[in-house]
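File shown here: start34.txt, holding compact mmCIF, C-alpha atoms and all ligand atoms.
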```txt
# COMPACT_ATOMS: atom_id res chain seq x y z
CA MET Q 1 35.76 -58.34 -4.44
CA LYS Q 2 38.69 -56.64 -2.69
CA GLU Q 3 38.67 -52.92 -1.98
CA LEU Q 4 41.60 -50.52 -1.67
CA LYS Q 5 41.62 -50.81 2.12
CA ASP Q 6 42.13 -54.59 1.76
CA TYR Q 7 45.56 -53.87 0.25
CA LYS Q 8 46.77 -51.99 3.35
CA GLU Q 9 49.22 -54.72 4.43
CA ILE Q 10 50.48 -55.30 0.90
CA ILE Q 11 51.12 -51.58 0.39
CA HIS Q 12 52.94 -51.59 3.70
CA THR Q 13 55.45 -54.15 2.36
CA CYS Q 14 56.80 -51.52 -0.09
CA SER Q 15 60.31 -50.85 1.20
CA LYS Q 16 60.59 -47.63 -0.87
CA CYS Q 17 63.70 -49.01 -2.53
CA GLY Q 18 62.85 -47.13 -5.71
CA LEU Q 19 63.73 -49.99 -8.08
CA CYS Q 20 60.39 -49.45 -9.81
CA GLN Q 21 61.64 -46.04 -10.93
CA SER Q 22 64.35 -47.60 -13.05
CA VAL Q 23 61.86 -49.54 -15.21
CA CYS Q 24 58.63 -47.53 -15.20
CA PRO Q 25 58.18 -46.09 -18.74
CA ILE Q 26 56.12 -43.20 -17.40
CA TYR Q 27 58.53 -42.27 -14.59
CA LEU Q 28 61.49 -42.45 -16.98
CA GLU Q 29 59.78 -39.85 -19.13
CA THR Q 30 58.35 -37.58 -16.41
CA GLY Q 31 60.74 -37.98 -13.47
CA ASN Q 32 57.67 -37.38 -11.30
CA GLU Q 33 57.47 -39.62 -8.20
CA CYS Q 34 53.64 -39.49 -8.26
CA THR Q 35 53.61 -41.38 -11.58
CA VAL Q 36 55.40 -44.49 -10.32
CA SER Q 37 54.37 -47.20 -7.83
CA ARG Q 38 56.52 -45.97 -4.93
CA GLY Q 39 54.96 -42.50 -5.01
CA GLN Q 40 51.48 -43.84 -5.73
CA PHE Q 41 51.73 -46.14 -2.71
CA ILE Q 42 52.59 -43.18 -0.48
CA MET Q 43 49.41 -41.43 -1.68
CA LEU Q 44 47.31 -44.60 -1.32
CA ARG Q 45 48.60 -45.19 2.21
CA GLY Q 46 47.42 -41.65 3.05
CA ILE Q 47 43.98 -42.41 1.59
CA ILE Q 48 43.63 -45.65 3.55
CA LYS Q 49 44.67 -43.89 6.77
CA GLY Q 50 42.11 -41.16 6.08
CA GLU Q 51 44.81 -38.44 5.85
CA LEU Q 52 44.17 -37.87 2.16
CA LYS Q 53 40.99 -37.87 0.09
CA MET Q 54 40.88 -39.61 -3.27
CA ASN Q 55 40.53 -36.78 -5.77
CA LYS Q 56 40.84 -35.86 -9.44
CA ASN Q 57 44.53 -35.12 -9.09
CA ILE Q 58 45.39 -38.50 -7.61
CA ASN Q 59 43.16 -40.16 -10.21
CA LYS Q 60 45.15 -38.36 -12.93
CA TYR Q 61 48.32 -40.08 -11.72
CA LEU Q 62 46.56 -43.43 -11.48
CA ASP Q 63 45.42 -43.00 -15.08
CA LEU Q 64 48.97 -42.52 -16.23
CA CYS Q 65 49.95 -46.00 -15.06
CA LEU Q 66 50.08 -48.25 -18.13
CA LYS Q 67 49.36 -51.39 -16.12
CA CYS Q 68 52.39 -52.87 -17.88
CA GLY Q 69 53.60 -54.61 -14.71
CA LYS Q 70 57.27 -53.85 -15.44
CA CYS Q 71 57.64 -52.51 -11.89
CA SER Q 72 56.25 -55.75 -10.39
CA ASP Q 73 58.83 -57.78 -12.32
CA PHE Q 74 61.55 -55.89 -10.43
CA CYS Q 75 59.84 -55.31 -7.08
CA PRO Q 76 61.80 -57.06 -4.28
CA SER Q 77 58.65 -57.07 -2.13
CA ASP Q 78 56.89 -59.01 -4.90
CA ILE Q 79 53.87 -56.71 -4.93
CA ASP Q 80 51.26 -57.12 -7.66
CA ILE Q 81 51.40 -53.39 -8.24
CA VAL Q 82 48.86 -53.26 -11.08
CA GLU Q 83 46.23 -54.99 -8.93
CA VAL Q 84 46.71 -52.41 -6.17
CA ILE Q 85 46.57 -49.47 -8.59
CA LEU Q 86 43.40 -50.86 -10.20
CA SER Q 87 41.75 -51.15 -6.79
CA ALA Q 88 42.54 -47.45 -6.25
CA LYS Q 89 41.02 -46.65 -9.66
CA ALA Q 90 37.90 -48.55 -8.54
CA GLU Q 91 37.75 -46.39 -5.40
CA TYR Q 92 37.71 -43.23 -7.52
CA PHE Q 93 35.21 -44.71 -9.97
CA LYS Q 94 32.77 -45.59 -7.19
CA ASN Q 95 32.69 -42.14 -5.67
CA SER Q 96 33.07 -39.73 -8.59
CA LEU Q 97 30.60 -38.18 -11.01
CA GLU Q 98 32.87 -39.29 -13.86
CA GLY Q 99 32.53 -42.88 -12.64
CA LYS Q 100 28.75 -42.64 -12.42
CA LEU Q 101 28.46 -41.32 -15.99
CA LEU Q 102 30.91 -43.93 -17.29
CA SER Q 103 29.02 -46.75 -15.61
CA ILE Q 104 25.92 -45.78 -17.63
CA LEU Q 105 27.88 -45.66 -20.89
CA GLN Q 106 29.66 -48.93 -20.12
CA SER Q 107 26.51 -50.71 -18.92
CA LYS Q 108 25.85 -54.01 -20.66
CA PRO Q 109 22.76 -52.91 -22.67
CA ILE Q 110 24.37 -49.70 -24.00
CA PHE Q 111 27.76 -51.28 -24.71
CA ASN Q 112 26.17 -54.26 -26.45
CA ILE Q 113 23.89 -52.08 -28.59
CA ALA Q 114 27.00 -50.23 -29.86
CA LEU Q 115 28.86 -53.47 -30.51
CA ASN Q 116 25.92 -55.23 -32.15
CA THR Q 117 25.28 -52.22 -34.40
CA ALA Q 118 28.93 -52.29 -35.53
CA ARG Q 119 28.61 -56.04 -36.05
CA PHE Q 120 25.44 -55.58 -38.13
CA LEU Q 121 27.02 -52.86 -40.27
CA PHE Q 122 30.52 -54.24 -40.83
CA GLY Q 123 30.95 -57.59 -39.16
CA HIS Q 124 29.82 -60.09 -41.81
CA GLN Q 125 32.27 -62.96 -41.63
CA LYS Q 126 32.96 -66.11 -43.57
CA LYS Q 127 32.47 -69.38 -41.70
CA PHE Q 128 35.57 -71.53 -41.27
CA LYS Q 129 34.38 -75.12 -41.31
CA LYS Q 130 37.57 -77.14 -41.98
CA LYS Q 131 38.09 -79.90 -39.41
CA PHE Q 132 41.48 -80.76 -37.88
CA ASP Q 133 42.65 -82.67 -34.79
CA LYS Q 134 43.92 -79.54 -33.05
CA LYS Q 135 41.19 -77.08 -32.18
CA ALA Q 136 41.39 -73.40 -31.32
CA ILE Q 137 39.20 -70.64 -30.04
CA TYR Q 138 40.07 -67.32 -31.62
CA PHE Q 139 39.42 -64.20 -29.56
CA GLY Q 140 39.52 -61.05 -31.69
CA GLY Q 141 37.81 -58.79 -29.14
CA CYS Q 142 36.08 -55.60 -30.27
CA ILE Q 143 38.35 -55.39 -33.29
CA GLU Q 144 37.02 -58.63 -34.72
CA THR Q 145 33.61 -56.99 -34.71
CA VAL Q 146 34.62 -54.00 -36.76
CA LEU Q 147 37.53 -55.41 -38.77
CA PRO Q 148 36.36 -58.91 -39.67
CA LYS Q 149 38.73 -59.18 -42.65
CA THR Q 150 41.75 -59.37 -40.33
CA SER Q 151 40.20 -62.07 -38.20
CA GLU Q 152 39.29 -64.01 -41.35
CA TYR Q 153 42.95 -63.86 -42.33
CA ILE Q 154 44.01 -65.15 -38.92
CA LYS Q 155 41.52 -67.99 -39.17
CA SER Q 156 42.79 -68.90 -42.63
CA LEU Q 157 46.37 -68.92 -41.24
CA LEU Q 158 45.22 -71.25 -38.47
CA ASN Q 159 43.68 -73.57 -41.06
CA LYS Q 160 47.00 -73.52 -42.98
CA MET Q 161 48.65 -74.72 -39.76
CA GLU Q 162 46.06 -77.51 -39.62
CA ILE Q 163 44.23 -76.01 -36.66
CA GLU Q 164 40.43 -76.00 -36.64
CA VAL Q 165 38.78 -72.73 -35.61
CA LEU Q 166 35.75 -73.24 -33.41
CA ASP Q 167 32.79 -70.96 -33.99
CA THR Q 168 32.42 -68.73 -30.94
CA LYS Q 169 31.21 -65.18 -30.60
CA PHE Q 170 32.66 -62.91 -27.91
CA ASN Q 171 32.26 -59.29 -27.05
CA CYS Q 172 34.98 -57.13 -25.49
CA CYS Q 173 37.70 -58.60 -23.21
CA GLY Q 174 36.71 -55.96 -20.64
CA LEU Q 175 39.99 -54.01 -20.51
CA PRO Q 176 38.28 -50.59 -20.87
CA PHE Q 177 36.10 -51.42 -17.84
CA LEU Q 178 39.03 -52.65 -15.75
CA THR Q 179 41.31 -49.69 -16.46
CA SER Q 180 38.57 -47.15 -15.83
CA GLY Q 181 37.92 -48.73 -12.41
CA ASN Q 182 34.54 -50.21 -13.31
CA ILE Q 183 35.37 -53.52 -11.64
CA THR Q 184 31.73 -54.68 -11.34
CA ARG Q 185 31.26 -54.36 -15.09
CA PHE Q 186 34.66 -55.98 -15.71
CA VAL Q 187 33.76 -58.99 -13.57
CA GLU Q 188 30.41 -59.28 -15.38
CA GLN Q 189 32.22 -59.29 -18.76
CA ALA Q 190 34.88 -61.75 -17.58
CA ASN Q 191 32.24 -64.18 -16.29
CA GLU Q 192 30.25 -63.88 -19.52
CA ASN Q 193 33.34 -64.60 -21.65
CA VAL Q 194 34.55 -67.61 -19.67
CA GLN Q 195 31.01 -68.99 -19.43
CA LYS Q 196 31.05 -69.31 -23.25
CA LEU Q 197 34.03 -71.69 -23.00
CA LYS Q 198 32.54 -73.88 -20.29
CA GLU Q 199 31.14 -76.60 -22.53
CA ILE Q 200 33.80 -76.46 -25.28
CA ASP Q 201 36.91 -78.61 -25.65
CA PHE Q 202 39.80 -76.92 -27.39
CA ASP Q 203 43.60 -76.99 -27.47
CA TYR Q 204 44.54 -73.33 -27.82
CA PHE Q 205 43.06 -69.98 -27.03
CA ILE Q 206 44.37 -67.59 -29.70
CA THR Q 207 44.62 -63.82 -29.61
CA ASP Q 208 46.40 -61.32 -31.80
CA CYS Q 209 46.28 -58.37 -29.38
CA ALA Q 210 48.77 -58.26 -26.50
CA SER Q 211 46.34 -56.31 -24.31
CA CYS Q 212 43.41 -58.75 -24.84
CA GLU Q 213 45.66 -61.66 -23.83
CA TRP Q 214 46.86 -59.81 -20.73
CA THR Q 215 43.26 -59.04 -19.74
CA TRP Q 216 42.13 -62.67 -20.10
CA LYS Q 217 45.01 -63.71 -17.87
CA GLU Q 218 43.85 -61.17 -15.26
CA TYR Q 219 40.40 -62.82 -15.05
CA THR Q 220 41.58 -65.39 -12.47
CA LYS Q 221 42.12 -62.58 -9.96
CA TYR Q 222 38.53 -61.37 -10.24
CA ILE Q 223 36.31 -64.39 -11.07
CA GLU Q 224 34.97 -66.11 -7.95
CA ASP Q 225 33.06 -69.06 -9.48
CA GLU Q 226 35.32 -72.10 -8.87
CA GLU Q 227 34.17 -73.96 -11.99
CA LEU Q 228 34.93 -71.01 -14.24
CA LYS Q 229 38.24 -70.45 -12.48
CA SER Q 230 39.36 -74.03 -13.07
CA LYS Q 231 38.35 -73.77 -16.77
CA LEU Q 232 40.45 -70.62 -17.03
CA GLU Q 233 43.46 -72.20 -15.36
CA LYS Q 234 43.50 -75.00 -17.94
CA ILE Q 235 43.54 -72.68 -20.93
CA GLU Q 236 46.68 -72.67 -23.05
CA PHE Q 237 46.98 -69.08 -24.23
CA LYS Q 238 48.85 -68.54 -27.48
CA SER Q 239 49.20 -65.48 -29.59
CA ILE Q 240 48.98 -65.90 -33.35
CA TYR Q 241 52.66 -64.85 -33.37
CA ASP Q 242 53.60 -67.84 -31.16
CA LEU Q 243 51.99 -70.12 -33.69
CA ILE Q 244 53.55 -68.40 -36.70
CA SER Q 245 57.02 -68.76 -35.16
CA GLU Q 246 56.38 -72.44 -34.46
CA SER Q 247 55.18 -73.05 -38.06
CA ASN Q 248 57.00 -73.20 -41.41
CA ILE Q 249 55.04 -70.29 -42.81
CA LYS Q 250 57.21 -67.57 -44.37
CA PHE Q 251 56.15 -64.15 -45.63
CA GLU Q 252 57.34 -61.99 -48.50
CA SER Q 253 56.40 -58.35 -48.93
CA LYS Q 254 54.69 -57.65 -52.29
CA LYS Q 255 56.64 -54.40 -52.53
CA TYR Q 256 60.09 -53.60 -51.13
CA CYS Q 257 59.77 -51.43 -48.02
CA LYS Q 258 61.55 -50.36 -44.86
CA ILE Q 259 59.85 -51.45 -41.66
CA THR Q 260 60.26 -50.96 -37.95
CA TYR Q 261 58.46 -52.15 -34.83
CA HIS Q 262 56.92 -50.57 -31.74
CA GLN Q 263 56.58 -53.02 -28.85
CA PRO Q 264 53.44 -52.54 -26.73
CA CYS Q 265 53.88 -52.54 -22.93
CA HIS Q 266 51.73 -55.69 -22.66
CA GLU Q 267 53.65 -57.63 -25.33
CA LYS Q 268 55.39 -60.53 -23.64
CA ASN Q 269 56.42 -62.19 -26.92
CA GLY Q 270 58.52 -59.31 -28.22
CA GLU Q 271 61.46 -61.43 -29.34
CA LYS Q 272 59.28 -63.80 -31.37
CA VAL Q 273 57.42 -60.89 -32.96
CA ILE Q 274 60.68 -59.16 -33.93
CA ASN Q 275 61.96 -62.38 -35.49
CA ILE Q 276 58.82 -62.71 -37.59
CA ILE Q 277 59.24 -59.12 -38.76
CA LYS Q 278 62.96 -59.52 -39.50
CA ASN Q 279 62.23 -62.62 -41.58
CA ILE Q 280 59.72 -60.93 -43.89
CA GLU Q 281 61.47 -61.16 -47.25
CA ASN Q 282 61.78 -58.13 -49.52
CA THR Q 283 61.87 -55.73 -46.56
CA GLU Q 284 64.56 -53.88 -44.65
CA PHE Q 285 64.14 -53.88 -40.88
CA GLU Q 286 65.62 -51.11 -38.75
CA GLU Q 287 65.28 -51.12 -34.98
CA LEU Q 288 63.56 -48.08 -33.56
CA GLU Q 289 65.40 -46.44 -30.66
CA GLY Q 290 63.24 -47.02 -27.58
CA PHE Q 291 61.07 -49.48 -29.53
CA ASP Q 292 59.84 -51.00 -26.23
CA LYS Q 293 58.96 -47.67 -24.62
CA CYS Q 294 55.35 -46.60 -24.21
CA CYS Q 295 53.57 -45.01 -27.21
CA GLY Q 296 51.95 -42.47 -24.89
CA PHE Q 297 48.46 -43.95 -25.15
CA SER Q 298 48.53 -44.90 -21.47
CA GLY Q 299 45.49 -47.14 -21.82
CA LEU Q 300 43.35 -44.24 -22.92
CA ILE Q 301 44.33 -40.73 -24.03
CA LYS Q 302 42.56 -38.30 -21.72
CA PRO Q 303 42.65 -34.49 -21.60
CA SER Q 304 43.93 -34.71 -18.01
CA THR Q 305 46.99 -36.77 -19.00
CA TRP Q 306 47.48 -35.20 -22.41
CA LYS Q 307 50.53 -33.13 -21.46
CA ILE Q 308 52.53 -36.16 -20.37
CA SER Q 309 51.19 -38.35 -23.18
CA SER Q 310 52.29 -35.83 -25.79
CA LYS Q 311 55.77 -35.64 -24.24
CA ILE Q 312 56.09 -39.41 -24.67
CA ILE Q 313 54.61 -39.32 -28.17
CA ASN Q 314 57.07 -36.61 -29.19
CA SER Q 315 60.07 -38.68 -28.18
CA LYS Q 316 58.65 -41.60 -30.23
CA LYS Q 317 58.20 -39.21 -33.17
CA ARG Q 318 61.80 -37.98 -32.91
CA ASN Q 319 63.11 -41.54 -32.94
CA LEU Q 320 60.96 -42.40 -35.95
CA LYS Q 321 62.27 -39.38 -37.84
CA LYS Q 322 65.82 -40.70 -37.45
CA ILE Q 323 65.07 -43.89 -39.36
CA LYS Q 324 62.17 -42.82 -41.63
CA PRO Q 325 60.45 -46.19 -42.09
CA ASN Q 326 57.72 -46.82 -44.66
CA TYR Q 327 55.77 -48.73 -42.04
CA ILE Q 328 55.74 -48.94 -38.26
CA LEU Q 329 54.32 -52.25 -37.10
CA THR Q 330 52.85 -53.07 -33.71
CA THR Q 331 50.71 -55.70 -31.98
CA CYS Q 332 48.25 -53.66 -29.89
CA VAL Q 333 45.22 -51.76 -31.09
CA GLY Q 334 45.72 -48.98 -28.52
CA CYS Q 335 49.28 -48.37 -29.72
CA LEU Q 336 48.11 -48.51 -33.33
CA ILE Q 337 45.59 -45.74 -32.68
CA THR Q 338 48.29 -43.51 -31.16
CA LEU Q 339 50.87 -44.28 -33.81
CA SER Q 340 48.54 -43.71 -36.75
CA LEU Q 341 46.50 -40.78 -35.50
CA ILE Q 342 49.12 -38.85 -33.62
CA THR Q 343 52.31 -39.51 -35.56
CA ARG Q 344 50.46 -39.68 -38.92
CA LEU Q 345 52.73 -42.51 -40.02
CA LYS Q 346 51.82 -45.62 -41.93
CA ALA Q 347 51.18 -47.65 -38.83
CA ARG Q 348 49.83 -51.19 -39.11
CA ARG Q 349 49.02 -54.07 -36.82
CA LEU Q 350 51.59 -56.70 -37.78
CA ILE Q 351 48.85 -59.19 -38.67
CA LYS Q 352 47.20 -56.67 -40.99
CA PHE Q 353 50.54 -55.94 -42.67
CA LEU Q 354 51.09 -59.66 -43.25
CA ASP Q 355 47.58 -59.95 -44.67
CA LYS Q 356 47.55 -56.91 -46.97
CA ASN Q 357 51.19 -56.41 -47.92
CA CYS Q 358 52.66 -59.90 -47.99
CA ASN Q 359 52.42 -63.18 -49.82
CA ILE Q 360 52.75 -66.45 -47.95
CA LYS Q 361 55.64 -68.59 -49.21
S1 LIG Q 401 60.13 -51.71 -6.33
FE1 LIG Q 401 58.45 -52.43 -4.98
S2 LIG Q 401 59.30 -52.23 -2.90
FE2 LIG Q 401 60.63 -51.00 -4.22
S3 LIG Q 401 59.74 -48.91 -4.11
FE3 LIG Q 401 58.83 -49.91 -5.92
S4 LIG Q 401 56.91 -50.78 -5.16
FE4 LIG Q 401 58.17 -50.32 -3.33
S1 LIG Q 402 52.62 -50.79 -14.08
FE1 LIG Q 402 54.05 -49.90 -15.58
S2 LIG Q 402 53.38 -47.75 -15.80
FE2 LIG Q 402 52.39 -48.54 -13.93
S3 LIG Q 402 53.79 -47.93 -12.28
FE3 LIG Q 402 54.38 -50.02 -12.93
S4 LIG Q 402 56.00 -49.74 -14.47
FE4 LIG Q 402 54.94 -47.75 -14.20
```

File written out as structure tokens:
Amino acid sequence: MKELKDYKEIIHTCSKCGLCQSVCPIYLETGNECTVSRGQFIMLRGIIKGELKMNKNINKYLDLCLKCGKCSDFCPSDIDIVEVILSAKAEYFKNSLEGKLLSILQSKPIFNIALNTARFLFGHQKKFKKKFDKKAIYFGGCIETVLPKTSEYIKSLLNKMEIEVLDTKFNCCGLPFLTSGNITRFVEQANENVQKLKEIDFDYFITDCASCEWTWKEYTKYIEDEELKSKLEKIEFKSIYDLISESNIKFESKKYCKITYHQPCHEKNGEKVINIIKNIENTEFEELEGFDKCCGFSGLIKPSTWKISSKIINSKKRNLKKIKPNYILTTCVGCLITLSLITRLKARRLIKFLDKNCNIK
């Protein structure tokens, strides 16, 4: 597993052009150089050289990074910026009290007890036994455990599209471990998840959360077992929204309503998702100003980053006030938490809205 010092040469290729500033959602809001890759690389270079010590303050800036990768898409030096920032997070995690406490809470036995308890209390699911030629694995992540009704709806949609859903049981994708810098635990989770697919033949790997899909795609950078790696490389990832757009399924809202959409930073299928939303009959769609700008969640709302998070949330709130929708739809659980708890709006995951508020035509 690579450490921060192993990225010395890569960090050195940063030409300080500043292009990352023009796309970083956090920098655009804060104007603070320490919150964007260029500034973070200057700090990390200092740490590698031994001129700076990793500390709480630097960690605070690392935490603000959304790991959205928008900066990498524009970086002329072609740096995988998120990978470098995560290695710096791992450095802090390894040497801080916060990291030590978190590693106990995130340890496999404790994490699994919490998940299995939630599963026992709420996670009773119907079996989907219909057979079709095309076969899919559905990964609902932690949400499937606590909100089984939504995953049942997704599975029934898949059956409508003549896709068989194979019976597999996963835990978390590991994103909370990765973003907190607990790389050892992340690798353990990634290996465990891919191991479950080793003996299964399937056509699609389906998710409905943009962040889960992003995390699964990150596995190849961290898994070392060649057999698991080659299994991963063959997977055809599809979001449920890809499949809906490729199908003839149409939706109609049971009650007329005005809707808008917040695009999560990890959503790479934004256009398809917006088309699905625009085509829901008996609704009026209005585009939210800055719909593709961060919700402020920043991976995890923390007291240390609260000031900047609330600044971002407030600008989202102001934009929502201008259009006053009945519902704000999104495709990431993290964004949903921010939008519903902090803005107190009727926020819904798109899939849940389709399930509860719409009829299929
Ligand atoms: S875009 Fe890339 S090369 Fe340019 S300053 Fe940002 S990280 Fe450095
Ligand atoms: S990954 Fe996203 S939030 Fe992080 S520095 Fe790059 S653009 Fe900014």

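Across Q:Lys5, Q:His262, Q:Lys272, Q:Lys307, the tightest approach to Cys335 in chain Q is made by Q:His262 when counting all atoms listed in the file.
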
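Proximity ranking of Q:Leu354, Q:Leu66, Q:Ile48, Q:Ile183 relative to ligand LIG 402 (chain Q) places Q:Leu66 first, based on only C-alpha atoms and all ligand atoms.
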
Which residues, protein or nucleic acid, reach to within 10 Å of (51.1, -60.7, -15.8) in the file's coordinates when using only C-alpha atoms, and can you give that as a ChimeraX atom specification?
-> /Q:67-70,72-73,80,82,213-215,217-218,266,268

Shortest interatomic distance to ligand LIG 402 (chain Q) - which of Q:Asn314, Q:Asn359, Q:Thr207, Q:Gln40, counting all atoms listed in the file = Q:Gln40

Within 9 Å of ligand LIG 401 (chain Q), which residues show up when you count all atoms listed in the file? List them as a PyMOL selection string, please.
-> chain Q and resi 11-22+36-41+71-81

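Shortest separation to Ser151 in chain Q among Q:Ile351, Q:Ile47, Q:Val84, Q:Ile328 occurs at residue Q:Ile351, atoms counted being only C-alpha atoms.
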
Around ligand LIG 402 (chain Q), with edges along x, y and z and 6 Å added on all six sides, what centre and edge lengths do you get, in Å to one decimal, as JSON?
```
{"center_x": 54.2, "center_y": -49.3, "center_z": -14.0, "size_x": 15.6, "size_y": 15.0, "size_z": 15.5}
```

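Going from CA of Glu233 in chain Q over to CA of Thr220 in chain Q, you cover 7.6 Å.
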
Which is closer to Lys229 in chain Q than all the others in Q:Trp216, Q:Phe120, Q:Tyr327, Q:Tyr7, using all atoms listed in the file?
-> Q:Trp216

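Atom to atom, CA of Lys322 in chain Q and CA of Ser310 in chain Q stand 18.5 Å apart.
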
Write out as a compact mmCIF listing (two decimals) with C-alpha atoms, in the coordinates of the input each polymer residue whose atoms come within 12 Å of Glu199 in chain Q, counting only C-alpha atoms; drop sequence neighbours fewer than 3 positions from it.
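To be explicit, this is the file written out as part-v3.txt:
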```txt
# COMPACT_ATOMS: atom_id res chain seq x y z
CA THR Q 168 32.42 -68.73 -30.94
CA VAL Q 194 34.55 -67.61 -19.67
CA GLN Q 195 31.01 -68.99 -19.43
CA LYS Q 196 31.05 -69.31 -23.25
CA PHE Q 202 39.80 -76.92 -27.39
CA GLU Q 227 34.17 -73.96 -11.99
CA LEU Q 228 34.93 -71.01 -14.24
CA LYS Q 231 38.35 -73.77 -16.77
```

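Closest to Asp167 in chain Q among Q:Gln125, Q:Thr150, Q:Thr330, Q:Thr338 is Q:Gln125, based on only C-alpha atoms.
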
Any idea what's packed within 7 Å of Lys258 in chain Q, counting all atoms listed in the file, ignoring anything in its chain fewer than 6 positions away? Could you give it as an mmCIF file with C-alpha atoms, in the frame of the given file?
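Below you can see part-v4.cif, which holds the result:
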```
data_model
loop_
_atom_site.group_PDB
_atom_site.id
_atom_site.type_symbol
_atom_site.label_atom_id
_atom_site.label_comp_id
_atom_site.auth_asym_id
_atom_site.auth_seq_id
_atom_site.Cartn_x
_atom_site.Cartn_y
_atom_site.Cartn_z
ATOM 1 C CA THR Q 283 61.870 -55.730 -46.560
ATOM 2 C CA GLU Q 284 64.560 -53.880 -44.650
ATOM 3 C CA PHE Q 285 64.140 -53.880 -40.880
ATOM 4 C CA PRO Q 325 60.450 -46.190 -42.090
ATOM 5 C CA ASN Q 326 57.720 -46.820 -44.660
ATOM 6 C CA TYR Q 327 55.770 -48.730 -42.040
#
```

Using all atoms listed in the file, which residues sit within 9 Å of Glu236 in chain Q once same-chain residues fewer than 4 positions away are excluded, as JSON, numbers by chain?
-> {"Q": [203, 204, 205, 206, 232]}

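Coordinates place CA of Lys238 in chain Q at a distance of 12.4 Å from CA of Lys135 in chain Q.
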
Test item: residues at most 9 Å from Ser180 in chain Q, only C-alpha atoms, excluding those fewer than 4 positions along its chain, as a ChimeraX atom specification = /Q:63,86,89-90,93,99,102,175-176

Within 12 Å of range 156-164 of chain Q: each range 212-321 of chain Q residue with its shortest pair, all atoms listed in the file, as a tab-separated table:
```
residue	atom	partner	partner_atom	distance
Q:Lys238	CA	Q:Leu158	CA	11.9
Q:Ser239	CA	Q:Leu158	CA	11.3
Q:Ile240	CA	Q:Leu158	CA	8.3
Q:Tyr241	CA	Q:Leu157	CA	10.9
Q:Asp242	CA	Q:Leu158	CA	11.6
Q:Leu243	CA	Q:Met161	CA	8.3
Q:Ile244	CA	Q:Leu157	CA	8.5
Q:Ser245	CA	Q:Met161	CA	11.3
Q:Glu246	CA	Q:Met161	CA	9.6
Q:Ser247	CA	Q:Met161	CA	7.0
Q:Asn248	CA	Q:Met161	CA	8.6
Q:Ile249	CA	Q:Met161	CA	8.4
Q:Lys250	CA	Q:Leu157	CA	11.4
Q:Phe251	CA	Q:Leu157	CA	11.7
```

Name the residues in contact with Asn171 in chain Q at a cut-off of 9 Å, using all atoms listed in the file, excluding same-chain residues fewer than 3 positions from it; report them as a PyMOL selection string.
-> chain Q and resi 112+115+140-142+145+174+189+193

Is there a way to complete range 274-285 of chain Q with N, CA and C atoms and then write that out as a PDB file, in the frame of the given file?
```
ATOM      1  N   ILE Q 274      59.594 -59.813 -33.180  1.00  0.00           N
ATOM      2  CA  ILE Q 274      60.680 -59.160 -33.930  1.00  0.00           C
ATOM      3  C   ILE Q 274      61.281 -60.138 -34.938  1.00  0.00           C
ATOM      4  N   ASN Q 275      61.425 -61.382 -34.554  1.00  0.00           N
ATOM      5  CA  ASN Q 275      61.960 -62.380 -35.490  1.00  0.00           C
ATOM      6  C   ASN Q 275      61.074 -62.559 -36.698  1.00  0.00           C
ATOM      7  N   ILE Q 276      59.754 -62.583 -36.453  1.00  0.00           N
ATOM      8  CA  ILE Q 276      58.820 -62.710 -37.590  1.00  0.00           C
ATOM      9  C   ILE Q 276      59.023 -61.529 -38.536  1.00  0.00           C
ATOM     10  N   ILE Q 277      59.113 -60.325 -37.937  1.00  0.00           N
ATOM     11  CA  ILE Q 277      59.240 -59.120 -38.760  1.00  0.00           C
ATOM     12  C   ILE Q 277      60.559 -59.142 -39.540  1.00  0.00           C
ATOM     13  N   LYS Q 278      61.643 -59.505 -38.842  1.00  0.00           N
ATOM     14  CA  LYS Q 278      62.960 -59.520 -39.500  1.00  0.00           C
ATOM     15  C   LYS Q 278      63.009 -60.512 -40.655  1.00  0.00           C
ATOM     16  N   ASN Q 279      62.199 -61.571 -40.535  1.00  0.00           N
ATOM     17  CA  ASN Q 279      62.230 -62.620 -41.580  1.00  0.00           C
ATOM     18  C   ASN Q 279      61.277 -62.361 -42.737  1.00  0.00           C
ATOM     19  N   ILE Q 280      60.588 -61.210 -42.736  1.00  0.00           N
ATOM     20  CA  ILE Q 280      59.720 -60.930 -43.890  1.00  0.00           C
ATOM     21  C   ILE Q 280      60.633 -60.585 -45.069  1.00  0.00           C
ATOM     22  N   GLU Q 281      60.584 -61.395 -46.100  1.00  0.00           N
ATOM     23  CA  GLU Q 281      61.470 -61.160 -47.250  1.00  0.00           C
ATOM     24  C   GLU Q 281      61.040 -59.913 -48.008  1.00  0.00           C
ATOM     25  N   ASN Q 282      62.011 -59.341 -48.723  1.00  0.00           N
ATOM     26  CA  ASN Q 282      61.780 -58.130 -49.520  1.00  0.00           C
ATOM     27  C   ASN Q 282      61.486 -56.902 -48.654  1.00  0.00           C
ATOM     28  N   THR Q 283      62.005 -56.908 -47.431  1.00  0.00           N
ATOM     29  CA  THR Q 283      61.870 -55.730 -46.560  1.00  0.00           C
ATOM     30  C   THR Q 283      63.216 -55.452 -45.908  1.00  0.00           C
ATOM     31  N   GLU Q 284      63.366 -54.205 -45.442  1.00  0.00           N
ATOM     32  CA  GLU Q 284      64.560 -53.880 -44.650  1.00  0.00           C
ATOM     33  C   GLU Q 284      64.054 -53.508 -43.259  1.00  0.00           C
ATOM     34  N   PHE Q 285      64.581 -54.176 -42.243  1.00  0.00           N
ATOM     35  CA  PHE Q 285      64.140 -53.880 -40.880  1.00  0.00           C
ATOM     36  C   PHE Q 285      65.162 -52.983 -40.192  1.00  0.00           C
TER      37      PHE Q 285
END
```
